[in-house]
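Okay, my_file_24.txt now, which holds compact mmCIF, C-alpha atoms and all ligand atoms:
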```txt
# COMPACT_ATOMS: atom_id res chain seq x y z
CA MET A 5 -8.57 23.63 20.99
CA GLN A 6 -10.85 23.45 17.94
CA VAL A 7 -7.97 22.33 15.73
CA LEU A 8 -6.91 19.68 18.23
CA ALA A 9 -10.47 18.34 18.31
CA LEU A 10 -10.58 17.92 14.52
CA PRO A 11 -8.86 14.50 14.26
CA ARG A 12 -11.41 13.19 16.76
CA SER A 13 -14.44 14.29 14.75
CA SER A 14 -15.85 12.03 12.05
CA ILE A 15 -14.80 14.33 9.20
CA GLY A 16 -11.42 14.80 10.88
CA LYS A 17 -10.88 11.04 10.92
CA LYS A 18 -11.86 10.79 7.27
CA ALA A 19 -9.36 13.56 6.50
CA VAL A 20 -6.67 11.64 8.42
CA MET A 21 -7.54 8.53 6.36
CA ALA A 22 -7.35 10.54 3.12
CA VAL A 23 -3.97 12.16 3.91
CA THR A 24 -2.32 8.99 5.26
CA GLY A 25 -3.78 6.95 2.38
CA PHE A 26 -2.36 9.47 -0.06
CA ILE A 27 1.11 9.14 1.54
CA TRP A 28 0.97 5.36 1.08
CA ILE A 29 -0.32 5.65 -2.50
CA GLY A 30 2.71 7.85 -3.25
CA TYR A 31 5.00 5.30 -1.62
CA VAL A 32 3.56 2.25 -3.42
CA ALA A 33 3.61 4.08 -6.78
CA LEU A 34 7.33 4.91 -6.37
CA HIS A 35 8.10 1.45 -4.96
CA MET A 36 6.39 -0.23 -7.93
CA TRP A 37 8.24 2.01 -10.39
CA GLY A 38 11.57 1.35 -8.67
CA ASN A 39 10.99 -2.43 -8.72
CA LEU A 40 10.81 -2.31 -12.53
CA HIS A 41 14.62 -1.76 -12.49
CA ILE A 42 14.78 -5.54 -12.15
CA PHE A 43 14.16 -5.75 -15.91
CA GLN A 44 17.50 -3.94 -16.43
CA GLY A 45 19.42 -6.75 -14.73
CA ALA A 46 21.04 -7.57 -11.40
CA GLU A 47 23.59 -4.77 -11.40
CA ALA A 48 21.07 -2.02 -12.19
CA PHE A 49 18.60 -3.32 -9.60
CA ASN A 50 21.13 -3.68 -6.78
CA HIS A 51 22.58 -0.31 -7.68
CA TYR A 52 19.11 1.21 -7.38
CA ALA A 53 18.56 -0.50 -3.98
CA GLU A 54 21.87 0.94 -2.76
CA PHE A 55 20.96 4.37 -4.12
CA LEU A 56 17.86 4.33 -1.87
CA ARG A 57 20.21 4.14 1.12
CA GLU A 58 22.70 6.72 -0.13
CA VAL A 59 20.19 9.31 -1.34
CA GLY A 60 20.43 12.57 0.63
CA GLU A 61 24.20 12.28 1.23
CA PRO A 62 26.25 14.24 2.13
CA VAL A 63 23.63 16.57 3.66
CA LEU A 64 22.11 13.57 5.44
CA SER A 65 24.06 10.57 6.68
CA TYR A 66 23.84 7.07 5.16
CA ALA A 67 20.25 5.69 5.13
CA GLN A 68 18.94 8.73 7.06
CA LEU A 69 16.39 9.71 4.39
CA LEU A 70 15.30 6.06 4.21
CA TRP A 71 14.69 6.13 7.97
CA ILE A 72 12.74 9.39 7.72
CA ILE A 73 10.54 7.78 5.05
CA ARG A 74 10.12 4.65 7.18
CA ILE A 75 9.01 6.73 10.19
CA VAL A 76 6.53 8.71 8.06
CA LEU A 77 5.13 5.43 6.68
CA ILE A 78 4.78 3.85 10.12
CA VAL A 79 3.07 6.92 11.58
CA ALA A 80 0.81 7.15 8.50
CA ILE A 81 -0.28 3.51 8.62
CA ALA A 82 -0.87 3.64 12.38
CA ALA A 83 -3.06 6.76 12.00
CA HIS A 84 -4.86 5.18 9.02
CA VAL A 85 -5.72 2.00 10.95
CA TRP A 86 -6.62 3.91 14.11
CA SER A 87 -9.02 6.25 12.24
CA ALA A 88 -10.57 3.32 10.35
CA TRP A 89 -11.14 1.50 13.63
CA ASP A 90 -12.68 4.57 15.28
CA LEU A 91 -14.96 5.25 12.31
CA TYR A 92 -16.04 1.60 12.38
CA LEU A 93 -16.88 1.77 16.09
CA ALA A 94 -18.80 5.05 15.61
CA ALA A 95 -20.76 3.61 12.66
CA ARG A 96 -21.57 0.45 14.60
CA HIS A 97 -22.78 2.54 17.50
CA ALA A 98 -25.00 4.72 15.28
CA ARG A 99 -26.36 1.89 13.13
CA THR A 100 -30.07 1.17 13.19
CA SER A 101 -31.45 -2.16 12.03
CA ARG A 102 -33.29 -0.77 8.98
CA TYR A 103 -31.77 1.06 6.05
CA ALA A 104 -33.75 3.72 4.22
CA VAL A 105 -31.63 3.94 1.08
CA THR A 106 -29.77 1.31 -0.96
CA ARG A 107 -26.79 3.64 -1.33
CA VAL A 108 -26.21 3.35 2.42
CA VAL A 109 -26.30 -0.44 2.26
CA GLN A 110 -23.83 -0.39 -0.64
CA ALA A 111 -21.51 1.97 1.24
CA ASN A 112 -21.74 -0.41 4.14
CA TYR A 113 -20.65 -3.39 2.01
CA ALA A 114 -17.81 -1.33 0.58
CA SER A 115 -16.53 -0.34 4.01
CA ARG A 116 -16.70 -3.93 5.23
CA PHE A 117 -14.72 -4.93 2.14
CA MET A 118 -12.21 -2.17 2.89
CA ARG A 119 -11.72 -3.46 6.43
CA ILE A 120 -11.12 -7.06 5.32
CA GLY A 121 -8.84 -5.91 2.48
CA GLY A 122 -7.00 -3.58 4.87
CA VAL A 123 -6.28 -6.46 7.25
CA VAL A 124 -5.03 -8.62 4.34
CA ILE A 125 -2.71 -5.78 3.21
CA LEU A 126 -1.44 -5.24 6.76
CA LEU A 127 -0.65 -8.95 7.14
CA PHE A 128 0.98 -8.88 3.70
CA ILE A 129 3.23 -5.95 4.69
CA ILE A 130 4.41 -7.82 7.81
CA PHE A 131 5.13 -10.95 5.75
CA HIS A 132 6.79 -8.82 3.05
CA LEU A 133 9.15 -7.17 5.57
CA ALA A 134 10.00 -10.61 7.02
CA HIS A 135 10.65 -11.78 3.47
CA PHE A 136 12.72 -9.07 1.78
CA THR A 137 13.87 -6.74 4.57
CA TRP A 138 14.62 -9.11 7.46
CA GLY A 139 15.32 -12.20 5.32
CA TRP A 140 13.41 -14.73 7.42
CA VAL A 141 11.44 -16.52 4.69
CA THR A 142 13.70 -17.65 1.83
CA ASP A 143 17.48 -17.76 1.33
CA PHE A 144 18.72 -14.19 1.82
CA ARG A 145 21.80 -12.12 0.98
CA ARG A 146 21.73 -8.73 2.68
CA SER A 147 23.54 -6.84 -0.10
CA ASP A 148 21.94 -8.66 -3.05
CA PRO A 149 18.20 -7.82 -3.28
CA TYR A 150 18.13 -9.05 -6.91
CA TYR A 151 19.13 -12.51 -5.70
CA ASN A 152 16.54 -12.34 -2.89
CA LEU A 153 13.76 -11.57 -5.36
CA VAL A 154 14.78 -14.32 -7.80
CA VAL A 155 14.98 -16.92 -5.00
CA GLY A 156 11.75 -15.69 -3.37
CA PHE A 157 9.65 -15.70 -6.53
CA SER A 158 10.92 -19.05 -7.78
CA ASN A 159 8.43 -20.49 -5.31
CA PRO A 160 4.90 -20.60 -6.87
CA ILE A 161 3.18 -20.56 -3.45
CA ILE A 162 4.89 -17.28 -2.58
CA VAL A 163 4.00 -15.85 -6.01
CA ILE A 164 0.33 -16.81 -5.53
CA PHE A 165 0.34 -15.22 -2.08
CA TYR A 166 1.77 -11.99 -3.52
CA LEU A 167 -0.80 -11.97 -6.34
CA VAL A 168 -3.66 -12.40 -3.86
CA ALA A 169 -2.28 -9.52 -1.78
CA LEU A 170 -1.96 -7.39 -4.93
CA ALA A 171 -5.60 -8.14 -5.83
CA ALA A 172 -6.59 -6.94 -2.33
CA LEU A 173 -4.42 -3.87 -2.91
CA ALA A 174 -6.21 -3.19 -6.21
CA LEU A 175 -9.65 -3.20 -4.57
CA HIS A 176 -8.40 -1.14 -1.64
CA LEU A 177 -6.86 1.42 -3.98
CA PHE A 178 -10.03 1.63 -6.06
CA HIS A 179 -12.32 2.36 -3.16
CA GLY A 180 -9.61 4.35 -1.31
CA VAL A 181 -9.03 6.80 -4.17
CA TRP A 182 -12.78 7.16 -4.60
CA SER A 183 -13.35 7.85 -0.88
CA MET A 184 -10.40 10.24 -0.73
CA PHE A 185 -12.06 12.50 -3.31
CA GLN A 186 -15.43 12.25 -1.55
CA THR A 187 -13.73 13.46 1.63
CA LEU A 188 -12.09 16.29 -0.30
CA GLY A 189 -15.57 17.41 -1.33
CA PHE A 190 -15.68 16.17 -4.95
CA ASN A 191 -18.95 14.42 -4.25
CA SER A 192 -21.29 15.87 -6.84
CA ARG A 193 -22.43 13.70 -9.78
CA ARG A 194 -20.45 15.98 -12.10
CA TRP A 195 -17.17 14.51 -10.81
CA ASP A 196 -18.31 10.88 -10.59
CA SER A 197 -16.95 9.57 -13.89
CA ALA A 198 -13.62 11.47 -13.68
CA ILE A 199 -12.95 10.20 -10.15
CA ARG A 200 -14.04 6.68 -11.06
CA GLY A 201 -11.66 6.78 -14.05
CA LEU A 202 -8.76 7.90 -11.87
CA ALA A 203 -9.57 5.26 -9.24
CA VAL A 204 -9.64 2.52 -11.90
CA PHE A 205 -6.35 3.78 -13.37
CA VAL A 206 -4.53 3.78 -10.01
CA ALA A 207 -6.07 0.43 -9.00
CA ILE A 208 -4.84 -1.21 -12.21
CA VAL A 209 -1.46 0.40 -12.91
CA ILE A 210 0.08 -0.03 -9.43
CA PRO A 211 -0.86 -3.68 -8.72
CA VAL A 212 -0.21 -4.81 -12.33
CA GLY A 213 3.17 -3.03 -12.31
CA PHE A 214 4.07 -4.87 -9.08
CA ALA A 215 2.76 -8.21 -10.40
CA THR A 216 5.04 -8.16 -13.46
CA VAL A 217 8.06 -8.87 -11.21
CA PRO A 218 7.00 -12.15 -9.51
CA ILE A 219 5.38 -13.36 -12.76
CA ALA A 220 8.51 -12.61 -14.84
CA ILE A 221 10.70 -14.44 -12.30
CA LEU A 222 8.38 -17.46 -11.94
CA PHE A 223 8.24 -17.94 -15.71
CA GLY A 224 12.01 -17.51 -16.12
CA PHE A 225 12.07 -14.15 -17.96
CA VAL A 226 14.20 -12.79 -15.13
CA LYS A 227 16.77 -15.14 -13.58
C1 LIG A 301 5.62 -7.86 -6.20
C2 LIG A 301 5.52 -6.84 -5.40
C3 LIG A 301 6.66 -6.32 -4.56
C4 LIG A 301 8.02 -6.53 -4.64
C5 LIG A 301 8.77 -7.38 -5.65
C6 LIG A 301 8.63 -5.79 -3.58
C7 LIG A 301 9.99 -5.76 -3.31
C8 LIG A 301 10.55 -5.24 -2.16
C9 LIG A 301 11.94 -5.37 -1.78
C10 LIG A 301 13.02 -6.13 -2.56
C11 LIG A 301 12.10 -4.72 -0.60
C12 LIG A 301 13.41 -4.58 0.22
C13 LIG A 301 14.15 -3.39 -0.30
C14 LIG A 301 15.52 -3.28 0.32
O1 LIG A 301 15.66 -3.55 1.52
O2 LIG A 301 16.43 -2.92 -0.40
C15 LIG A 301 10.82 -4.15 -0.23
C16 LIG A 301 10.57 -3.40 0.89
C17 LIG A 301 9.35 -2.88 1.22
N1 LIG A 301 8.17 -3.01 0.54
FE1 LIG A 301 7.92 -4.03 -1.17
N2 LIG A 301 7.64 -5.12 -2.88
C18 LIG A 301 6.43 -5.43 -3.45
C19 LIG A 301 5.18 -4.97 -3.05
C20 LIG A 301 4.96 -4.13 -1.99
C21 LIG A 301 3.67 -3.61 -1.62
C22 LIG A 301 2.36 -3.92 -2.37
C23 LIG A 301 3.86 -2.83 -0.52
C24 LIG A 301 2.87 -2.05 0.28
C25 LIG A 301 1.58 -2.25 0.29
C26 LIG A 301 5.27 -2.87 -0.20
C27 LIG A 301 5.85 -2.22 0.86
C28 LIG A 301 7.18 -2.34 1.21
C29 LIG A 301 7.75 -1.73 2.40
C30 LIG A 301 7.01 -0.90 3.44
C31 LIG A 301 9.12 -2.08 2.41
C32 LIG A 301 10.16 -1.69 3.45
C33 LIG A 301 10.95 -0.52 2.92
C34 LIG A 301 12.13 -0.25 3.82
O3 LIG A 301 11.91 -0.04 5.01
O4 LIG A 301 13.25 -0.29 3.36
N3 LIG A 301 5.90 -3.66 -1.12
N4 LIG A 301 9.90 -4.48 -1.20
```
Just give me the structure as structure tokens.
Amino acid sequence: MQVLALPRSSIGKKAVMAVTGFIWIGYVALHMWGNLHIFQGAEAFNHYAEFLREVGEPVLSYAQLLWIIRIVLIVAIAAHVWSAWDLYLAARHARTSRYAVTRVVQANYASRFMRIGGVVILLFIIFHLAHFTWGWVTDFRRSDPYYNLVVGFSNPIIVIFYLVALAALALHLFHGVWSMFQTLGFNSRRWDSAIRGLAVFVAIVIPVGFATVPIAILFGFVK
């Protein structure tokens, strides 16, 4: 009973946000790293994309591991958004009109920023799936993701949109990594600079790694 009540408590919801956020950080880090195969050419990139479907065979059937990952990601993002929403409602309920400490006001700005950024990222993911998974946005060849990327990122408007989403991702990762460690209990001043350093590292490496692909295509380094 106690254990079942945990996800409904405030600390339980923060723990859910930390765990599900961590799952997505792992996914975006691997996704970014995998995308860099594009710099090895069309064959290497398409081979890598096919590998993602075949991995796990013959123990698992074709694309089964991919589907397991997709289900984990969907459950994780749903739990992440749900906990964020619940925490927001609880904070709004508890809020008084005067703040005693500036740190509280700052935390409040940060969480508002996280909510706006989170919505931008969510909308981006839906657009991104429509773009490169369902093929609804630009000319699309199901078995040629290299071609899909080159066609997609030859359009400067789409590149700008991706870069804006990646900037939102950077801010979300920065504050997300920071909050994750606060939830885990690393909240004494002693840890501040180490955690801040890690948060900055993650928030720069992942979005910049992603951004190299649309930029390289737009400027003709990859064609
Ligand atoms: C410039 C940045 C990015 C590029 C070039 C890119 C590229 C791609 C491509 C080509 C696919 C389709 C893969 C396939 O079907 O073979 C894909 C799928 C996907 N991407 Fe990205 N991506 C980028 C950024 C992101 C970001 C920032 C996120 C998350 C915040 C993300 C989440 C996903 C998800 C969830 C899928 C669906 C995976 C699946 O179900 O197969 N991507 N991406």
Next on the checklist: What residues of the protein or nucleic acid chains come within 7 Å of ligand LIG 301 (chain A) when you use all atoms listed in the file? Reply as a PyMOL selection string.
Outcome noted: chain A and resi 32+35-36+39+53+70+74+125+129+132-133+136-137+149+153+166+170+173+214-215+217-218
Checklist entry - Between A:Phe43, A:Phe190, A:Trp89, A:Phe49, which is the closest to Ser14 (chain A) once you count only C-alpha atoms? => result A:Trp89
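Among the candidate residues A:Trp28, A:Trp195, A:Phe117, A:Phe144, the one lying nearest to Val79 (chain A) is A:Trp28, with distances computed using all atoms listed in the file.
From CA of Trp37 (chain A) back to CA of Phe178 (chain A), the distance works out to 18.8 Å.
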Next on the checklist: So that I can see what lies close to Val59 (chain A), please list as a ChimeraX atom specification the residues with an atom at most 12 Å from it, counting all atoms listed in the file and leaving out residues fewer than 4 positions away in the same chain.
Outcome noted: /A:51-55,63-73
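If you look at CA of Leu56 (chain A) and CA of Gly38 (chain A), they are 9.7 Å away from each other.
When all atoms listed in the file are used to measure the gap to Arg200 (chain A), the shortest distance among A:Leu177, A:Ile164, A:Leu126, A:Ala33 belongs to A:Leu177.
The nearest approach to Ser183 (chain A) among the residues A:Lys18, A:Arg12, A:His135, A:Arg146, with all atoms listed in the file taken into account, belongs to A:Lys18.
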Item to check | Separation of CA of Gly156 (chain A) from CA of Phe131 (chain A) in Å | outcome: 12.2 Å
Checklist entry - Closest to Ile120 (chain A) among A:Ala169, A:His97, A:Val163, A:Asp143, using only C-alpha atoms? => result A:Ala169
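Considering all atoms listed in the file, the residue among A:Val123, A:Leu93, A:Ile42, A:Ile219 positioned nearest to Ala172 (chain A) is A:Val123.
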